[in-house]
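Colleague: Structure in structure tokens, see below.
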Amino acid sequence: ILRAPNNSEKKKDNSSSSRRAIRQAKKFQKYQKIWDLALQALKETDSEFATRCTEIAVTYGFQGSPHIDKQNCGPFYGFALGNFRNGTGGVCVECSTRVVAVVNTKNRIGRIDGRYPHWVDQYGNNERDPSSQHEHIDNTGNINDDAAEDTDDNTTTKASPERYSLIYYETGRNFAIPGPAIFSIPER
């Protein structure tokens with residue numbers, strides 16, 4: 001996790017930074033190019049949020065279980081890259097008790113409220129369960145019933161699929177009352 005530089009990590013006497021702040025500053029300096037490029041991509045989608053983003057999680061091969069982001073003070077943005085199959089590896093989020101949406105974040109940025117249960121959908125050599133009830137939502141908010149069938153010779157491989165992601169979020173300052181779990185409500 002990369003954290004934006006923070007001047008509030010000073011000791012109470014303001015004489016010097018804490019060890020934690022020094023470690024975070026060194027880590028940020030080492031990976032500042034990734035931070036800068038990641039924010040540049042986010043600014044194309046939401047320049048206002050890019051100014052408030054306090055942390056960016058950089059992941060490789062992440063497959064997590066359903067969870068809620070309790071530290072987030074609002075929605076997050078997710079962006080995934082890699083050679084995994086189109087229609088897989090999106091962010092699943094519970095919109096209600098009976099509705100789970102899959103937001104496609106492959107080669108695009110999607111906005112999700114992580115304060116609702118969410119997880120990364122299957123990707124890799126495992127085929128999607130044909131009985132899956134997930135709706136696939138493209139970046140325009142439309143339901144894409146063909147997402148699981150979508151293939152592209154440039155992203156289909158017999159080698160183990162790789163998935164990288166950037167998760168942009170804000171903690172600690174501007175708490176937003178939870179709204180919808182996804183921000184482009186699909187219409188059939």
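Starting from 1 in every chain, residues are counted up; chains themselves are A, B, ... following the order of the structure tokens, and ligands are numbered from 1 as listed.
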Output as CSV one row per residue of stretch 50-100 of chain A within 6 Å of stretch 168-187 of chain A: the closest atom pair and its distance in Å to one decimal place, counting only C-alpha atoms, sorted by chain and residue number ascending.

Modeller:
```
residue,atom,partner,partner_atom,distance
A:Cys53,CA,A:Glu170,CA,4.9
A:Thr54,CA,A:Glu170,CA,4.8
A:Glu55,CA,A:Tyr169,CA,5.5
A:Ile56,CA,A:Tyr168,CA,4.6
A:Gln71,CA,A:Thr171,CA,5.9
A:Asn72,CA,A:Thr171,CA,4.9
A:Cys73,CA,A:Phe175,CA,4.3
A:Gly74,CA,A:Ala176,CA,5.2
A:Phe76,CA,A:Tyr169,CA,4.7
A:Tyr77,CA,A:Tyr168,CA,5.1
A:Cys95,CA,A:Ala181,CA,5.3
```

Colleague: For the interface of stretch 53-105 of chain A with stretch 161-165 of chain A (cut-off 8 Å, counting only C-alpha atoms), please tabulate each contacting residue of stretch 53-105 of chain A alongside its nearest pair of atoms and their separation in Å to one decimal, rows sorted by chain and increasing number, as a tab-separated table.

Modeller:
```
residue	atom	partner	partner_atom	distance
A:Ala57	CA	A:Ser165	CA	7.8
A:Val58	CA	A:Ser165	CA	5.9
A:Thr59	CA	A:Ser165	CA	5.2
A:Tyr60	CA	A:Tyr164	CA	4.5
A:Gly61	CA	A:Arg163	CA	5.2
A:Phe62	CA	A:Arg163	CA	7.4
A:Gly78	CA	A:Ser165	CA	7.0
A:Phe79	CA	A:Ser165	CA	5.5
A:Ala80	CA	A:Ser165	CA	4.2
A:Leu81	CA	A:Tyr164	CA	5.2
A:Gly82	CA	A:Arg163	CA	4.6
A:Asn83	CA	A:Pro161	CA	5.5
A:Phe84	CA	A:Pro161	CA	4.7
A:Arg85	CA	A:Pro161	CA	7.7
A:Gly89	CA	A:Arg163	CA	7.8
```

Colleague: Apply DSSP to the backbone of this structure and, from stretch 30-105 of chain A, keep only the residues in strand (DSSP E); write these as a list in words.

Modeller: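 Going through stretch 30-105 of chain A, the strand (DSSP E) residues come out as Glu55, Ile56, Ala57, Val58, Thr59, Tyr60, Phe76, Tyr77, Gly78, Phe79, Ala80, Leu81, Gly82, Val91, Cys92, Val93, Glu94, Val100, Ala101, Val102 and Val103 of chain A.
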
Colleague: Compile the contact shell of A:Thr45 as a list in words: residues with an atom at most 8 Å away, counting only C-alpha atoms, same-chain residues fewer than 3 positions apart removed.

Modeller: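 Residues near the query, excluding close chain neighbours: Ala41, Leu42 and Ile109 of chain A.
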
Colleague: Could you name the residues that touch stretch 24-28 of chain A at 10 Å or less, counting only C-alpha atoms, but leaving out those on the same chain fewer than 6 positions away, as an MDAnalysis selection string?

Modeller: chainID A and resid 1:6 9 17:18 34:35

Colleague: Which one of A:Ile167, A:Arg98, A:Arg52, A:Ser160 sits closest to A:Ala38 if you count only C-alpha atoms?

Modeller: A:Ile167

Colleague: Determine which residues of stretch 15-148 of chain A receive a DSSP assignment of alpha helix (DSSP H), computed from the backbone, and state them as a PyMOL selection string.

Modeller: chain A and resi 19-30+32-52

Colleague: So, with only C-alpha atoms as the atoms that count, which of A:Pro75, A:Pro66, A:Pro117, A:Gly110 lies closest to A:Thr97?

Modeller: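 Ranked by minimum distance to A:Thr97, first place goes to A:Pro117.
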
Colleague: So how far away is atom CA of A:Gly64 from atom CA of A:Lys106, in Å?

Modeller: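 Atom CA of A:Gly64 lies 16.9 Å from atom CA of A:Lys106.
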
Colleague: Rounded to one decimal, what separation in Å do you get between atom CA of A:Ser65 and atom CA of A:Trp119?

Modeller: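 Spanning atom CA of A:Ser65 to atom CA of A:Trp119 is a straight-line distance of 5.8 Å.
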